[in-house]
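K.L.:
Input structure: input-v8.txt, which contains compact mmCIF, C-alpha atoms.
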```
# COMPACT_ATOMS: atom_id res chain seq x y z
CA TYR N 1 -7.17 -27.56 2.88
CA VAL N 2 -7.76 -28.13 -0.84
CA GLU N 3 -11.30 -29.35 -0.18
CA ASP N 4 -11.93 -26.24 1.90
CA LEU N 5 -10.78 -24.11 -1.06
CA ARG N 6 -13.26 -25.91 -3.34
CA GLN N 7 -16.08 -25.32 -0.90
CA ARG N 8 -15.18 -21.63 -0.85
CA GLY N 9 -15.58 -21.47 -4.63
CA ARG N 10 -11.97 -21.50 -5.83
CA SER N 11 -11.53 -22.81 -9.36
CA ASP N 12 -10.54 -26.39 -10.16
CA LYS N 13 -7.37 -25.08 -11.80
CA HIS N 14 -6.34 -23.24 -8.64
CA CYS N 15 -7.14 -26.25 -6.45
CA ARG N 16 -5.07 -28.56 -8.67
CA GLU N 17 -2.15 -26.13 -8.52
CA VAL N 18 -2.36 -25.93 -4.73
CA ALA N 19 -2.55 -29.72 -4.45
CA LYS N 20 0.52 -30.13 -6.69
CA VAL N 21 2.61 -27.63 -4.73
CA LEU N 22 1.67 -29.21 -1.41
CA GLY N 23 2.41 -32.66 -2.83
CA ASP N 24 5.85 -31.46 -3.95
CA ALA N 25 6.46 -30.00 -0.49
CA GLN N 26 5.53 -33.26 1.16
CA ALA N 27 7.80 -35.20 -1.19
CA ALA N 28 10.62 -32.82 -0.22
CA GLY N 29 10.23 -33.75 3.43
CA ILE N 30 7.79 -31.12 4.69
CA CYS N 31 5.51 -33.65 6.35
CA ASP N 32 5.40 -33.08 10.10
CA LEU N 33 4.80 -29.36 10.58
CA LYS N 34 5.28 -29.76 14.32
CA ALA N 35 8.80 -31.10 13.88
CA VAL N 36 11.82 -29.02 14.88
CA GLY N 37 13.57 -27.57 11.86
CA VAL N 38 10.60 -27.63 9.47
CA LYS N 39 11.31 -24.04 8.46
CA GLN N 40 14.86 -24.99 7.41
CA VAL N 41 13.47 -27.90 5.38
CA ALA N 42 11.07 -25.50 3.66
CA ARG N 43 13.91 -23.11 2.87
CA ARG N 44 15.97 -25.90 1.33
CA TRP N 45 12.97 -26.99 -0.73
CA LEU N 46 12.48 -23.48 -2.06
CA GLY N 47 16.22 -23.01 -2.62
CA LEU N 48 16.56 -20.20 -0.10
CA THR N 49 19.44 -19.57 2.27
CA ARG N 50 18.68 -19.39 5.97
CA ASN N 51 19.10 -15.68 6.59
CA THR N 52 19.08 -13.58 3.45
CA GLY N 53 16.16 -14.91 1.42
CA ARG N 54 18.46 -15.32 -1.57
CA ARG N 55 18.42 -18.35 -3.78
CA THR N 56 21.10 -20.98 -3.32
CA GLN N 57 23.44 -22.02 -6.11
CA GLY N 58 22.13 -24.56 -8.60
CA ARG N 59 18.47 -23.68 -8.27
CA GLU N 60 16.71 -22.47 -11.40
CA LEU N 61 13.38 -21.42 -9.93
CA ALA N 62 12.49 -17.79 -10.55
CA ALA N 63 11.83 -15.62 -7.53
CA ALA N 64 8.18 -15.31 -8.59
CA THR N 65 7.81 -19.11 -8.61
CA ILE N 66 9.47 -19.42 -5.21
CA ASN N 67 7.18 -16.78 -3.74
CA LYS N 68 4.09 -18.38 -5.28
CA ARG N 69 4.96 -21.73 -3.72
CA LEU N 70 5.65 -20.07 -0.39
CA VAL N 71 2.27 -18.31 -0.47
CA ILE N 72 0.52 -21.63 -1.09
CA LEU N 73 2.47 -23.40 1.64
CA ARG N 74 1.88 -20.63 4.18
CA GLY N 75 -1.80 -20.51 3.24
CA ALA N 76 -2.13 -24.20 4.09
CA VAL N 77 -0.24 -23.74 7.36
CA ARG N 78 -2.37 -20.79 8.44
CA TRP N 79 -5.51 -22.75 7.61
CA ALA N 80 -4.24 -25.59 9.82
CA VAL N 81 -3.60 -23.14 12.65
CA GLY N 82 -7.10 -21.72 12.25
CA GLU N 83 -8.55 -25.22 12.42
CA ASP N 84 -6.55 -25.92 15.61
CA LEU N 85 -4.56 -28.61 13.81
CA LEU N 86 -1.35 -26.73 14.66
CA PRO N 87 -0.58 -24.78 17.82
CA ARG N 88 1.35 -22.09 15.92
CA ASP N 89 2.65 -21.13 12.49
CA PRO N 90 6.05 -22.87 12.08
CA LEU N 91 6.82 -20.73 9.01
CA ALA N 92 6.23 -17.36 10.68
CA GLY N 93 8.73 -14.74 9.55
CA MET N 94 9.85 -16.71 6.52
CA ARG N 95 10.66 -14.55 3.50
CA GLY N 96 10.63 -15.43 -0.17
CA GLY N 97 13.09 -14.76 -2.97
CA THR N 98 14.13 -11.39 -4.34
CA ASP N 99 13.18 -10.52 -7.89
CA LYS N 100 16.17 -8.73 -9.42
CA SER N 101 13.94 -7.22 -12.10
CA LYS N 102 11.75 -5.51 -9.51
CA GLY N 103 11.76 -1.78 -9.95
CA LYS N 104 12.74 -1.92 -13.62
CA LEU N 105 10.24 -0.43 -16.05
CA ARG N 106 8.77 -2.84 -18.58
CA GLU N 107 9.02 -1.90 -22.23
CA ALA N 108 5.89 -0.07 -23.34
CA PHE N 109 4.52 1.48 -26.51
CA ALA N 110 5.25 5.14 -27.08
CA PRO N 111 2.19 7.44 -27.36
CA ASP N 112 2.68 7.82 -31.14
CA GLU N 113 2.79 4.04 -31.51
CA LEU N 114 -0.45 3.66 -29.55
CA ARG N 115 -2.15 6.33 -31.67
CA LEU N 116 -1.13 4.46 -34.82
CA MET N 117 -2.59 1.21 -33.44
CA VAL N 118 -5.99 2.81 -32.85
CA SER N 119 -6.05 5.07 -35.90
CA ASP N 120 -8.77 4.98 -38.56
CA GLU N 121 -6.27 3.18 -40.80
CA HIS N 122 -6.85 0.02 -38.77
CA ALA N 123 -10.57 0.49 -38.11
CA ALA N 124 -11.54 -2.28 -40.56
CA ASP N 125 -9.11 -4.77 -39.04
CA PRO N 126 -11.01 -7.42 -37.01
CA TRP N 127 -8.44 -6.97 -34.25
CA GLY N 128 -8.73 -3.20 -34.28
CA LEU N 129 -11.47 -2.96 -31.65
CA PRO N 130 -9.92 -5.31 -29.06
CA ALA N 131 -6.51 -3.69 -29.63
CA SER N 132 -8.05 -0.27 -28.98
CA VAL N 133 -9.71 -1.40 -25.77
CA LEU N 134 -6.48 -3.01 -24.56
CA ALA N 135 -4.41 0.07 -25.40
CA TYR N 136 -6.74 2.63 -23.85
CA THR N 137 -7.77 0.76 -20.69
CA GLY N 138 -4.96 -1.64 -19.75
CA MET N 139 -7.61 -4.32 -19.21
CA ARG N 140 -6.58 -7.97 -19.05
CA LEU N 141 -7.12 -10.14 -22.14
CA GLY N 142 -9.78 -12.22 -20.41
CA GLU N 143 -11.62 -9.08 -19.33
CA VAL N 144 -11.69 -7.67 -22.85
CA ALA N 145 -12.79 -11.01 -24.28
CA ALA N 146 -15.68 -11.20 -21.80
CA CYS N 147 -16.60 -7.49 -21.88
CA ARG N 148 -20.31 -6.61 -22.17
CA TRP N 149 -21.95 -3.33 -23.06
CA SER N 150 -23.77 -3.62 -19.76
CA TRP N 151 -20.39 -3.04 -18.05
CA PHE N 152 -20.18 0.49 -19.48
CA ASP N 153 -21.24 3.40 -17.32
CA TRP N 154 -21.14 6.25 -19.82
CA GLN N 155 -22.29 8.88 -17.36
CA GLY N 156 -19.82 7.73 -14.72
CA GLY N 157 -17.07 7.43 -17.30
CA CYS N 158 -15.95 3.92 -16.37
CA ILE N 159 -16.12 0.24 -17.25
CA HIS N 160 -17.34 -1.97 -14.40
CA VAL N 161 -15.67 -5.38 -14.76
CA ARG N 162 -18.24 -7.75 -13.26
CA GLN N 163 -18.64 -11.39 -12.30
CA GLU N 164 -20.67 -13.24 -14.94
CA ASP N 165 -21.95 -16.79 -15.38
CA ASP N 166 -19.18 -17.48 -17.91
CA PHE N 167 -16.52 -15.13 -16.54
CA SER N 168 -14.82 -14.46 -13.23
CA PRO N 169 -12.44 -11.51 -12.68
CA LYS N 170 -8.97 -12.18 -11.27
CA ARG N 171 -9.25 -13.21 -7.62
CA HIS N 172 -13.04 -12.84 -8.05
CA GLN N 173 -12.65 -9.09 -7.48
CA GLU N 174 -14.81 -6.74 -9.52
CA ARG N 175 -13.26 -3.40 -10.44
CA ARG N 176 -13.90 -0.11 -12.24
CA ILE N 177 -11.69 1.20 -15.07
CA PRO N 178 -11.85 4.81 -16.35
CA ILE N 179 -12.91 5.34 -19.97
CA GLN N 180 -10.80 7.90 -21.81
CA ALA N 181 -12.70 10.34 -24.02
CA GLU N 182 -11.09 9.04 -27.23
CA LEU N 183 -12.14 5.48 -26.44
CA ALA N 184 -15.67 6.61 -25.52
CA ASN N 185 -15.97 8.35 -28.89
CA LEU N 186 -14.83 5.17 -30.61
CA LEU N 187 -17.19 2.83 -28.75
CA ARG N 188 -20.38 4.88 -28.32
CA PRO N 189 -21.56 4.42 -31.95
CA LEU N 190 -21.21 0.63 -31.48
CA ALA N 191 -22.97 0.40 -28.12
CA GLY N 192 -26.12 -1.67 -27.92
CA VAL N 193 -25.33 -4.01 -30.83
CA GLY N 194 -25.87 -7.22 -28.85
CA ASP N 195 -24.57 -7.56 -25.31
CA ALA N 196 -21.04 -8.76 -26.03
CA LEU N 197 -18.61 -5.99 -26.95
CA LEU N 198 -16.45 -8.27 -29.11
CA ALA N 199 -19.06 -10.72 -30.42
CA PRO N 200 -18.91 -13.03 -32.25
CA TRP N 201 -15.18 -13.85 -31.93
CA ARG N 202 -14.69 -13.09 -28.22
CA ALA N 203 -14.66 -16.77 -27.17
CA ASP N 204 -11.25 -17.49 -28.69
CA MET N 205 -9.77 -13.98 -28.74
CA ALA N 206 -7.55 -14.37 -25.67
CA ASP N 207 -6.17 -17.75 -26.78
CA THR N 208 -5.48 -16.42 -30.27
CA ILE N 209 -3.60 -13.37 -29.01
CA ARG N 210 -1.56 -15.47 -26.58
CA SER N 211 -0.66 -17.85 -29.42
CA ARG N 212 0.88 -14.87 -31.21
CA GLY N 213 3.21 -14.21 -28.30
CA PHE N 214 1.29 -11.60 -26.32
CA SER N 215 0.18 -11.88 -22.68
```
Give the structure from the file, written as C-alpha cells.

P.N.:
Amino acid sequence: YVEDLRQRGRSDKHCREVAKVLGDAQAAGICDLKAVGVKQVARRWLGLTRNTGRRTQGRELAAATINKRLVILRGAVRWAVGEDLLPRDPLAGMRGGTDKSKGKLREAFAPDELRLMVSDEHAADPWGLPASVLAYTGMRLGEVAACRWSWFDWQGGCIHVRQEDDFSPKRHQERRIPIQAELANLLRPLAGVGDALLAPWRADMADTIRSRGFS
C-alpha cells in the first residue's frame, strides 16, 4: 500500500507517516484482517469503546489523532479490497473519536486589530508584507512563502495557488482565493519585481513564523 502511494506521487513524509501508523497497528495485533473480531481489536488500539465512538479511560490521544490513524488504516484496508486481497472491508461502519472543541469558534483578531497590523505604520517592517497577505487572504503559511506574481489574476480579482516545481498545495489541490480591494491596492505597486512575491526571504519565512509560535 505504501509503495502504491509513492507511485501515485505522495510525498516521502506522508508515506513514512502511513508506514509508521500501519506498523503501530500491526504491533497492536491488527495483523490478520480476515480474522473475526478485527474491528474490536482496531477499536481497542485507537482507544474507542465498541458502540459510542468515545475514547476509553486512560488514553491520551486527541480525537484528531485517533481519526487520522483511522483514516490511514481504512485507506489501507480499502486499497486491499480494491486489489482483491480482501473479500470485504472489515472496518466498515467504524467511527472515530469526537472532538469536544468542534463547533467552538477559534480566537481571531478583531477588525481594528487587523487594520493596525496592515497599516502604513508597519509598512517598513520586513514582516509587514507577509502579515498583510496572511491577514487579508487567510492563505496558509506555505502558500504565502511560495507565492508568485504569476499567481495573481488582477482582472479576475483572485490569487490562483498553483503547483510549482518547488511547491505543492495541500493535498495537491490548486485553488483560487479572492483578492480584497485593500490588498490589491497594497500589492499592485510591487507587482512584477521578480517572480517571487516575498523574495528574497521566502525560503525560511514559514519556519521562522512557526518558531515564534504561530501556525

K.L.:
Just how far from atom CA of Leu190 of chain N is atom CA of Gln163 of chain N, in Å to one decimal?

P.N.:
22.8 Å

K.L.:
Quick one, how far is atom CA of Arg175 of chain N from atom CA of Val161 of chain N?

P.N.:
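Interatomic distance here is 5.3 Å.
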
K.L.:
Just give me the gap between atom CA of Leu91 of chain N and atom CA of Val38 of chain N in Å, one decimal is fine.

P.N.:
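Calculated distance between atom CA of Leu91 of chain N and atom CA of Val38 of chain N is 7.9 Å.
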
K.L.:
Ranking N:Val2, N:Ile66, N:Ile177, N:Val36 by minimum distance to Gly138 of chain N and counting only C-alpha atoms, which one comes first?

P.N.:
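So, comparing all the options, the nearest one is N:Ile177.
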
K.L.:
Find the spatial neighbours of Met139 of chain N, counting all atoms listed in the file, within a cut-off of 12 Å - ignore same-chain residues fewer than 2 positions away - and output them as a PyMOL selection string.

P.N.:
chain N and resi 130-137+141-147+159-161+169-170+175-179+206+215

K.L.:
Please, could you write that set of residues out with C-alpha atoms as a short mmCIF file (atom, residue, chain, number, x, y, z; two decimals), keeping the file's coordinate frame?

P.N.:
```
data_model
loop_
_atom_site.label_atom_id
_atom_site.label_comp_id
_atom_site.auth_asym_id
_atom_site.auth_seq_id
_atom_site.Cartn_x
_atom_site.Cartn_y
_atom_site.Cartn_z
CA PRO N 130 -9.92 -5.31 -29.06
CA ALA N 131 -6.51 -3.69 -29.63
CA SER N 132 -8.05 -0.27 -28.98
CA VAL N 133 -9.71 -1.40 -25.77
CA LEU N 134 -6.48 -3.01 -24.56
CA ALA N 135 -4.41 0.07 -25.40
CA TYR N 136 -6.74 2.63 -23.85
CA THR N 137 -7.77 0.76 -20.69
CA LEU N 141 -7.12 -10.14 -22.14
CA GLY N 142 -9.78 -12.22 -20.41
CA GLU N 143 -11.62 -9.08 -19.33
CA VAL N 144 -11.69 -7.67 -22.85
CA ALA N 145 -12.79 -11.01 -24.28
CA ALA N 146 -15.68 -11.20 -21.80
CA CYS N 147 -16.60 -7.49 -21.88
CA ILE N 159 -16.12 0.24 -17.25
CA HIS N 160 -17.34 -1.97 -14.40
CA VAL N 161 -15.67 -5.38 -14.76
CA PRO N 169 -12.44 -11.51 -12.68
CA LYS N 170 -8.97 -12.18 -11.27
CA ARG N 175 -13.26 -3.40 -10.44
CA ARG N 176 -13.90 -0.11 -12.24
CA ILE N 177 -11.69 1.20 -15.07
CA PRO N 178 -11.85 4.81 -16.35
CA ILE N 179 -12.91 5.34 -19.97
CA ALA N 206 -7.55 -14.37 -25.67
CA SER N 215 0.18 -11.88 -22.68
#
```

K.L.:
Which neighbours of Tyr1 of chain N fall inside 7 Å, counting only C-alpha atoms, when residues of the same chain fewer than 3 positions from it are skipped, and could you give them as a ChimeraX atom specification?

P.N.:
/N:4-5,76,79

K.L.:
With all atoms listed in the file as the basis for distance, which of N:Glu17, N:Gln40, N:Arg78, N:Gly96 is at the shortest distance from Leu61 of chain N?

P.N.:
N:Gly96

K.L.:
Measuring atom to atom with all atoms listed in the file, identify which of N:Arg8, N:Arg188, N:Arg88, N:Arg148 is nearest to Phe167 of chain N.

P.N.:
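Among N:Arg8, N:Arg188, N:Arg88, N:Arg148, it is N:Arg148 that comes nearest to Phe167 of chain N.
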
K.L.:
Compare N:Val41, N:Leu46, N:Ile72, N:Ala35 by their minimum atom-to-atom distance to Lys20 of chain N, counting only C-alpha atoms, and give me the closest one.

P.N.:
N:Ile72

K.L.:
When you count only C-alpha atoms, which of these residues is closest to Leu73 of chain N: N:Asp112, N:Pro87, N:Leu48, N:Ala19?

P.N.:
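Answer, going by the shortest atom-to-atom distance: N:Ala19.
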